[in-house]
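Everything below concerns the one structure shown next.
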Amino acid sequence: MKLQRYGTIACLALAATLGLSACGSDNNEPTSGASASGSAAAVDCGTGTVNAQGSSAQKNAMAEWIKAYQQKCAGTTINYEASGSGAGIQAFIAGTADFAGSDSALKPEEQPQADAKCSGGKALNLPMVIGPVAVVYNAGSDVKDLQFKPATLAKIFAGKVTKWDDPAIKADNPDAKLPSAAIQTVHRSDESGTTDNFTKYLSKTAESDWTFSNAKAWKAPGGIGAAKSDGVASKVKSTVGTISYVEWSYAENSSLNMAKVQNGAGEWAALTAESAGKTIAGAKIEGQGDDLKLSIDYNTKEAGAYPIVLATYEVVCSKGLAADKLKLVKGLLGHAASAEGQNSLTDLGYAPLPETVRTKVETAVKNLS
């Protein structure tokens, strides 16, 4: 299987880049309690039912964590609905989700609303897995190996560049045989943290060409909307002339063409585990205490770094979870934040958290009360 082979390479590359201590197995089965050091990983088993929803980017990661946790902890029911980051945050605020998955941290206007659901505590942003964002395209079967500067991407998605053989694209790809055909941009039709991160990348790297700032909802005119990450990948695969942005795992699973992107050092960076890891390693924690919101440098000048990456978070109460939910939420998220839980994701097209971040997340989960 392509992702299984890729996962082995991904883990080795990230181990070298980020100092990870071990790689997961080459299959998708849980590691039966084996930690990165080879000793049995302690799992805090709760009972009952937990309902969560949000990010579709982390759907496959969450499914893997839930499967492994439920195999170790009988009598648990964990429901995760991949409703999109915006819907997940709103469900958390409304009290219908015990925690939310989101591809971007809570906005300043969302934080007090989320805090209000945490009796005696605050809503925390806990990064759980890194999802590089691929620029994917289908310009015809003969068009491969494209590369784009940030300004060119901004012009395409802003509707300023509308033909595949536009001079801006030709300048980035002097040896490519580009068709004289219309470009159809594809964006998320639902509120999405992936959209928020991609538009943040455009606003930070091509400010003069991208004037729509960043948000979970797509703001630029034109283009085709597609629901969830699955919908975006399917639309690009089935429609010649399209270009979009989608998480690496979905691009890999759909065998989509992925473009190289010029980084802050002026290099054309392909999306690999190593290149994404170089950007991740430079991320800074800007939250306070157990709130671990990350700040990513999209203009990274690190040699070989692929600059479009996102951190997908779990939004959860530091205090105030119902007693019948607390142990189960802590158990599941504790497994997700463990070395075992992180290493299990390499076969799925995700990048594990840098160890310096992972240990902070693990501690924050232990502190939930």
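Scheme for the structure tokens: letters A, B, ... for chains in order shown; per-chain residue numbers from 1; ligand numbers from 1 in order shown.
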Exercise. Fewer than 4 positions away in the same chain doesn't count, so skip those; otherwise give me all residues within 7 Å of stretch 280-293 of chain A, counting only C-alpha atoms, as a list of chain:residue names.
Key: A:Leu18, A:Ala105, A:Leu124, A:Asn125, A:Leu126, A:Pro127, A:Ala276, A:Asp297, A:Pro354, A:Ala364
Quiz item: When DSSP works through the backbone of this structure, what residues of stretch 185-349 of chain A end up as strand (DSSP E or B), shown as a PyMOL selection string?
Solution: chain A and resi 185-188+224-226+242-247+257-258+260-262+268-269+284-285+294-295+309-317
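Proximity of A:Thr359, A:Asn79, A:Asn138, A:Ser229 to A:Gly48, computed with only C-alpha atoms, is greatest for A:Asn79.
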Practice problem: Give the helix (DSSP H, G or I) residues of stretch 19-237 of chain A, as assigned by DSSP on the backbone, as a ChimeraX atom specification. | Solution: /A:59-72,85-94,111-115,150-157,167-172,193-205,228-237
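Residues lying within 12 Å of A:Ser234, counting only C-alpha atoms and ignoring same-chain neighbours fewer than 3 positions away, are Val136, Tyr137, Asn138, Val186, Gly225, Ala226, Ala227, Lys228, Ser229, Asp230, Gly231, Lys237, Ser238, Thr239, Val240, Thr242, Ile243, Ser244, Val246, Tyr250, Ala251, Asn253, Ser254, Ser255 and Leu256 of chain A.
Closest approach to A:Gly277 among A:Leu178, A:Ala139, A:Ala305, A:Val316 is made by A:Ala305 (distances from only C-alpha atoms).
Near stretch 258-274 of chain A, within 7 Å and counting only C-alpha atoms, sit A:Ala10, A:Ala13, A:Leu14, A:Thr17, A:Ala134, A:Val135, A:Val136, A:Tyr137, A:Asp145, A:Leu146, A:Gln147, A:Phe148, A:Lys149, A:Pro150, A:Asn299, A:Thr300, A:Lys301, A:Glu302, A:Ala303, A:Gly304, A:Ala305, A:Tyr306, A:Pro307, A:Ala351, not including residues fewer than 5 positions from it in the same chain.
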Quiz item: Which residues, written as a PyMOL selection string, have at least one atom at most 7 Å from stretch 318-332 of chain A, with only C-alpha atoms counted and residues fewer than 6 positions away on the same chain left out?
Solution: chain A and resi 43-47+50+69+118-124+365-366+368-369
Practice problem: Excluding A:Lys204 and any residue of its chain fewer than 3 positions from it, enumerate the residues within 10 Å of it, using only C-alpha atoms, and give them as a count of residues only. | Solution: 13
Practice problem: Considering only C-alpha atoms, return as JSON, numbers by chain whatever protein or nucleic-acid residues lie within 8 Å of stretch 88-104 of chain A, sequence-local ones (same chain, fewer than 6 positions apart) excluded. | Solution: {"A": [50, 51, 52, 53, 54, 55, 57, 58, 113, 114, 116, 117, 192, 193, 194, 196, 197, 310, 311, 312, 313, 314, 315, 316, 317, 321, 325]}
